[in-house]
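entry_9.csv (CSV, C-alpha atoms) appears below.
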chain,number,residue,atom,x,y,z
C,112,MET,CA,54.7,-39.0,74.2
C,113,THR,CA,51.0,-38.3,74.8
C,114,GLU,CA,50.4,-37.2,78.4
C,115,SER,CA,48.3,-39.4,80.6
C,116,VAL,CA,44.5,-39.4,80.4
C,117,ASP,CA,44.4,-38.1,84.0
C,118,ASP,CA,46.6,-35.2,83.0
C,119,ARG,CA,44.3,-34.4,80.0
C,120,ILE,CA,41.2,-34.6,82.2
C,121,ALA,CA,42.8,-32.4,84.8
C,122,ARG,CA,42.7,-29.5,82.3
C,123,VAL,CA,38.9,-29.6,82.2
C,124,ARG,CA,37.1,-27.0,84.3
C,125,PHE,CA,34.0,-29.0,85.4
C,126,ASP,CA,31.1,-26.9,86.7
C,127,ASP,CA,29.7,-26.9,90.3
C,128,ALA,CA,27.8,-30.1,89.5
C,129,GLY,CA,31.0,-31.7,88.3
C,130,LEU,CA,29.9,-31.6,84.6
C,131,VAL,CA,31.3,-30.3,81.3
C,132,ALA,CA,29.2,-29.6,78.2
C,133,ALA,CA,30.0,-32.1,75.3
C,134,ILE,CA,29.2,-31.1,71.8
C,135,ILE,CA,29.0,-34.1,69.5
C,136,GLN,CA,29.8,-33.6,65.8
C,137,GLN,CA,29.8,-36.0,62.9
C,138,TRP,CA,33.5,-36.0,61.9
C,139,ASP,CA,33.2,-35.8,58.1
C,140,THR,CA,30.0,-33.9,57.4
C,141,ARG,CA,30.6,-31.7,60.5
C,142,GLU,CA,26.9,-31.8,61.4
C,143,VAL,CA,26.3,-30.9,65.1
C,144,LEU,CA,24.5,-34.0,66.3
C,145,MET,CA,23.7,-33.2,70.0
C,146,LEU,CA,24.9,-31.7,73.2
C,147,ALA,CA,25.1,-33.7,76.4
C,148,TRP,CA,27.0,-33.7,79.7
C,149,MET,CA,30.0,-35.6,81.0
C,150,ASP,CA,31.6,-35.9,84.4
C,151,ALA,CA,35.2,-36.8,84.7
C,152,GLU,CA,34.5,-40.5,84.6
C,153,ALA,CA,32.3,-40.2,81.5
C,154,LEU,CA,35.0,-38.2,79.8
C,155,ARG,CA,37.7,-40.8,80.8
C,156,ARG,CA,35.6,-43.6,79.4
C,157,THR,CA,35.0,-41.6,76.2
C,158,LEU,CA,38.7,-40.9,75.8
C,159,THR,CA,39.9,-44.4,76.5
C,160,THR,CA,37.3,-46.8,75.0
C,161,GLY,CA,36.4,-45.4,71.6
C,162,ARG,CA,32.7,-45.1,72.6
C,163,VAL,CA,31.0,-41.9,73.7
C,164,THR,CA,29.7,-42.0,77.3
C,165,PHE,CA,27.6,-39.3,79.0
C,166,TRP,CA,26.4,-38.6,82.4
C,167,SER,CA,22.6,-38.4,82.4
C,168,ARG,CA,21.4,-35.5,84.6
C,169,SER,CA,17.8,-36.7,84.5
C,170,ARG,CA,18.5,-40.3,85.3
C,171,GLY,CA,21.6,-39.8,87.4
C,172,GLU,CA,23.6,-42.5,85.7
C,173,TYR,CA,26.2,-43.2,83.1
C,174,TRP,CA,24.8,-43.5,79.6
C,175,ARG,CA,26.9,-45.1,76.9
C,176,LYS,CA,25.3,-43.8,73.7
C,177,GLY,CA,23.7,-46.5,71.7
C,178,ASP,CA,23.6,-49.3,74.3
C,179,THR,CA,19.8,-49.3,74.1
C,180,SER,CA,19.1,-47.9,70.6
C,181,GLY,CA,22.1,-49.4,68.7
C,182,HIS,CA,22.9,-45.8,67.6
C,183,ILE,CA,26.4,-45.8,68.9
C,184,GLN,CA,29.0,-43.0,68.5
C,185,LEU,CA,32.5,-44.1,67.6
C,186,VAL,CA,35.1,-41.6,68.8
C,187,ARG,CA,37.3,-40.0,66.0
C,188,GLY,CA,38.6,-37.0,67.9
C,189,ALA,CA,38.2,-34.9,71.0
C,190,ARG,CA,39.2,-31.3,71.8
C,191,LEU,CA,38.9,-29.0,74.8
C,192,ASP,CA,38.1,-25.4,74.3
C,193,CYS,CA,40.2,-22.4,75.3
C,194,ASP,CA,38.8,-21.9,78.7
C,195,GLY,CA,38.3,-25.6,79.5
C,196,ASP,CA,34.6,-25.7,80.0
C,197,ALA,CA,33.4,-27.4,76.8
C,198,VAL,CA,34.6,-30.4,74.8
C,199,LEU,CA,34.0,-31.1,71.2
C,200,ILE,CA,33.8,-34.8,70.4
C,201,GLU,CA,34.1,-35.9,66.7
C,202,VAL,CA,32.3,-39.2,66.1
C,203,GLU,CA,31.1,-41.6,63.5
C,204,GLN,CA,27.4,-41.7,64.3
C,205,ILE,CA,25.7,-45.0,63.6
C,206,GLY,CA,22.0,-44.4,62.8
C,207,ALA,CA,20.1,-41.5,64.3
C,208,ALA,CA,21.8,-39.4,66.9
C,209,CYS,CA,18.5,-38.2,68.4
C,210,HIS,CA,16.3,-40.4,70.5
C,211,THR,CA,13.3,-39.1,68.5
C,212,GLY,CA,14.7,-40.8,65.4
C,213,THR,CA,16.0,-37.7,63.6
C,214,ARG,CA,19.5,-37.5,62.4
C,215,THR,CA,20.4,-34.7,64.8
C,216,CYS,CA,18.8,-33.3,67.9
C,217,PHE,CA,18.5,-29.9,66.1
C,218,ASP,CA,16.5,-31.0,63.1
C,219,VAL,CA,13.0,-30.1,64.2
C,220,ASP,CA,12.7,-26.8,66.1
C,221,ASP,CA,13.7,-23.8,64.0
C,222,LEU,CA,13.8,-20.6,66.1
C,223,HIS,CA,13.5,-18.4,63.0
C,224,PRO,CA,15.9,-15.7,63.8
C,225,GLN,CA,16.0,-12.4,62.1
C,226,THR,CA,19.1,-12.8,60.0
C,227,ALA,CA,21.8,-10.2,59.5
C,228,LEU,CA,21.2,-10.4,55.8
C,229,SER,CA,17.5,-10.1,55.7
J,173,MET,CA,3.0,-16.8,60.1
J,174,THR,CA,6.0,-17.2,62.3
J,175,GLU,CA,5.1,-17.4,66.0
J,176,SER,CA,6.3,-14.5,68.2
J,177,VAL,CA,9.8,-14.4,69.6
J,178,ASP,CA,8.4,-14.7,73.1
J,179,ASP,CA,6.6,-18.0,72.1
J,180,ARG,CA,9.8,-19.3,70.6
J,181,ILE,CA,11.9,-18.4,73.7
J,182,ALA,CA,9.2,-20.0,75.9
J,183,ARG,CA,10.1,-23.4,74.5
J,184,VAL,CA,13.7,-23.2,75.9
J,185,ARG,CA,14.3,-25.0,79.1
J,186,PHE,CA,16.8,-22.7,80.9
J,187,ASP,CA,18.8,-24.2,83.7
J,188,ASP,CA,18.6,-23.2,87.4
J,189,ALA,CA,20.9,-20.2,86.7
J,190,GLY,CA,18.5,-19.1,83.9
J,191,LEU,CA,21.0,-20.1,81.1
J,192,VAL,CA,21.0,-22.2,78.0
J,193,ALA,CA,24.1,-23.6,76.3
J,194,ALA,CA,24.7,-22.0,72.8
J,195,ILE,CA,26.8,-23.8,70.2
J,196,ILE,CA,28.1,-21.4,67.6
J,197,GLN,CA,28.8,-22.9,64.2
J,198,GLN,CA,30.1,-21.3,61.0
J,199,TRP,CA,27.1,-21.8,58.6
J,200,ASP,CA,29.0,-22.9,55.5
J,201,THR,CA,32.1,-24.8,56.6
J,202,ARG,CA,30.2,-26.1,59.6
J,203,GLU,CA,33.1,-25.5,61.9
J,204,VAL,CA,32.1,-25.5,65.6
J,205,LEU,CA,33.5,-22.1,66.7
J,206,MET,CA,32.7,-21.9,70.4
J,207,LEU,CA,30.2,-22.6,73.1
J,208,ALA,CA,28.9,-19.9,75.4
J,209,TRP,CA,25.8,-19.1,77.4
J,210,MET,CA,22.6,-17.2,76.9
J,211,ASP,CA,19.8,-16.1,79.2
J,212,ALA,CA,16.4,-15.4,77.8
J,213,GLU,CA,17.3,-11.8,77.0
J,214,ALA,CA,20.6,-12.7,75.3
J,215,LEU,CA,18.7,-15.2,73.2
J,216,ARG,CA,16.0,-12.6,72.4
J,217,ARG,CA,18.6,-10.2,71.2
J,218,THR,CA,20.3,-12.9,69.2
J,219,LEU,CA,17.0,-13.9,67.5
J,220,THR,CA,15.9,-10.3,66.8
J,221,THR,CA,19.0,-8.2,65.9
J,222,GLY,CA,21.1,-10.4,63.6
J,223,ARG,CA,24.1,-10.3,66.0
J,224,VAL,CA,25.0,-13.0,68.5
J,225,THR,CA,24.7,-11.9,72.2
J,226,PHE,CA,25.8,-14.0,75.2
J,227,TRP,CA,25.5,-13.7,78.9
J,228,SER,CA,29.0,-13.7,80.4
J,229,ARG,CA,29.0,-15.8,83.5
J,230,SER,CA,32.4,-14.6,84.6
J,231,ARG,CA,31.7,-10.9,84.1
J,232,GLY,CA,27.9,-11.0,84.9
J,233,GLU,CA,27.0,-8.9,81.9
J,234,TYR,CA,25.7,-9.1,78.3
J,235,TRP,CA,28.3,-9.6,75.8
J,236,ARG,CA,27.6,-8.8,72.1
J,237,LYS,CA,30.3,-10.8,70.3
J,238,GLY,CA,32.7,-8.6,68.5
J,239,ASP,CA,31.9,-5.3,70.1
J,240,THR,CA,35.5,-5.1,71.5
J,241,SER,CA,37.4,-7.3,69.1
J,242,GLY,CA,35.5,-6.5,65.9
J,243,HIS,CA,35.1,-10.3,65.4
J,244,ILE,CA,31.3,-10.2,65.1
J,245,GLN,CA,29.0,-13.1,64.5
J,246,LEU,CA,26.2,-12.5,62.0
J,247,VAL,CA,23.2,-14.8,62.6
J,248,ARG,CA,22.2,-17.1,59.7
J,249,GLY,CA,20.1,-19.6,61.6
J,250,ALA,CA,19.1,-20.8,65.0
J,251,ARG,CA,17.7,-24.1,66.2
J,252,LEU,CA,16.6,-25.6,69.5
J,253,ASP,CA,17.4,-29.2,70.4
J,254,CYS,CA,14.9,-31.9,71.1
J,255,ASP,CA,14.7,-31.4,74.9
J,256,GLY,CA,15.0,-27.7,74.8
J,257,ASP,CA,18.3,-27.2,76.7
J,258,ALA,CA,20.7,-26.4,73.9
J,259,VAL,CA,20.6,-24.0,71.0
J,260,LEU,CA,22.7,-24.2,67.8
J,261,ILE,CA,23.3,-20.8,66.2
J,262,GLU,CA,24.6,-20.7,62.7
J,263,VAL,CA,26.7,-17.6,61.9
J,264,GLU,CA,29.0,-15.9,59.5
J,265,GLN,CA,32.0,-15.4,61.7
J,266,ILE,CA,34.1,-12.3,60.9
J,267,GLY,CA,37.7,-12.9,61.9
J,268,ALA,CA,38.7,-15.2,64.7
J,269,ALA,CA,36.0,-16.6,66.9
J,270,CYS,CA,38.3,-17.2,69.8
J,271,HIS,CA,39.6,-14.4,72.1
J,272,THR,CA,43.1,-16.1,71.8
J,273,GLY,CA,43.1,-15.3,68.1
J,274,THR,CA,42.6,-18.7,66.7
J,275,ARG,CA,39.8,-19.4,64.3
J,276,THR,CA,37.8,-21.6,66.8
J,277,CYS,CA,38.0,-22.1,70.5
J,278,PHE,CA,38.8,-25.8,69.9
J,279,ASP,CA,41.9,-25.4,67.8
J,280,VAL,CA,44.6,-25.8,70.4
J,281,ASP,CA,43.9,-28.5,73.0
J,282,ASP,CA,43.7,-32.0,71.5
J,283,LEU,CA,42.6,-34.5,74.2
J,284,HIS,CA,44.1,-37.4,72.1
J,285,PRO,CA,41.3,-40.0,72.5
J,286,GLN,CA,41.7,-43.6,71.8
J,287,THR,CA,39.7,-43.9,68.6
J,288,ALA,CA,37.4,-46.7,67.8
J,289,LEU,CA,39.5,-47.4,64.6
J,290,SER,CA,43.0,-47.4,66.1
What's the structure tokens form of this structure?
Amino acid sequence: MTESVDDRIARVRFDDAGLVAAIIQQWDTREVLMLAWMDAEALRRTLTTGRVTFWSRSRGEYWRKGDTSGHIQLVRGARLDCDGDAVLIEVEQIGAACHTGTRTCFDVDDLHPQTALS
Amino acid sequence: MTESVDDRIARVRFDDAGLVAAIIQQWDTREVLMLAWMDAEALRRTLTTGRVTFWSRSRGEYWRKGDTSGHIQLVRGARLDCDGDAVLIEVEQIGAACHTGTRTCFDVDDLHPQTALS
């Protein structure tokens, strides 16, 4: 039997602001789409409704991804990391993940590292 | 010509603690391996040395991944997100990424979401 959602959320180590980092990944291509933040309630909604919900630090409100843009995220999986301070949410992304219109939030700004092989 | 590393780092919006979230992804399989934290100096070392370096919040020190375990991360790419508060580092992971010995830090704890399709 799957443990209760409260028991699952109780394993998360939220930070001093009550938030946990949420990495959003397209489930099949494994693209990393974005990183945003969830408090316990946003995570509860994400785990129980099939739609990804964040806490917006800038706006101070819940933000169900796609309600404005139509670019919703349908939950396919969710995992907590080994020390409980990051979650990885696998989704089916409808449309662009980024508010700028690009597929992911990491598509534009290349930091041009020195690579180990160069 | 590639802009200077200082100019690239200047685009990052570090949080009040001077840190940015760093998502580490295996470059070819696209597995998300872990999430950890970098300050400006850890990011500079990551961008310039070919080896991933973090700031350990718990130990209060720089932590070049693999120096103790041998499980090093060789940098293959690095990207900044649209609002500058997360970096995605693509790596060649040698051995296990997680200190528990699993391939990724997300392998063990399934949060069993209600999926949109179930």
Chain C residues near chain J within 6 Å, closest pair each, using all atoms listed in the file, as CSV:
residue,atom,partner,partner_atom,distance
C:Arg141,CA,J:Arg202,CA,5.7
C:Leu158,CA,J:Pro285,CA,4.3
C:Thr159,CA,J:Gln286,CA,5.1
C:Gly161,CA,J:Ala288,CA,4.1
C:Leu185,CA,J:Ala288,CA,5.6
C:Val186,CA,J:Thr287,CA,5.1
C:Arg187,CA,J:Thr287,CA,5.3
C:Ala189,CA,J:Leu283,CA,5.5
C:Arg190,CA,J:Asp282,CA,4.6
C:Leu191,CA,J:Asp281,CA,5.3
C:Asp192,CA,J:Phe278,CA,4.5
C:Cys193,CA,J:Cys277,CA,5.3
C:Cys216,CA,J:Asp253,CA,5.0
C:Phe217,CA,J:Asp253,CA,4.5
C:Asp220,CA,J:Leu252,CA,5.3
C:Asp221,CA,J:Arg251,CA,4.6
C:Leu222,CA,J:Arg251,CA,5.2
C:Pro224,CA,J:Leu219,CA,4.3
C:Gln225,CA,J:Thr220,CA,5.1
C:Thr226,CA,J:Gly222,CA,4.8
C:Ala227,CA,J:Gly222,CA,4.2
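Distance-wise, CA of Val123 in chain C and CA of Met149 in chain C end up 10.8 Å apart.
Rounded to one decimal, CA of Trp209 in chain J and CA of Thr240 in chain J lie 18.0 Å from each other.
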Check your understanding: Skipping near chain neighbours, those fewer than 3 positions away, what residues fall within 12 Å of Ser180 in chain C using only C-alpha atoms, listed as a PyMOL selection string?
Key -> chain C and resi 174-177+183-184+205-212
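With CA of Gly190 in chain J on one side and CA of Ala212 in chain J on the other, the separation reads 7.4 Å.
Nearest residue to Leu130 in chain C, choosing from C:Gln204, C:Asp150, C:Thr164, C:Tyr173 and counting only C-alpha atoms: C:Asp150.
Closest approach to His243 in chain J from the set J:Arg275, J:Asp200, J:Ser230, J:Ala214 is made by J:Arg275, with distances taken over only C-alpha atoms.
Shortest separation to Asp117 in chain C among C:Trp166, C:Glu152, C:Gly181, C:Gln137 occurs at residue C:Glu152, atoms counted being all atoms listed in the file.
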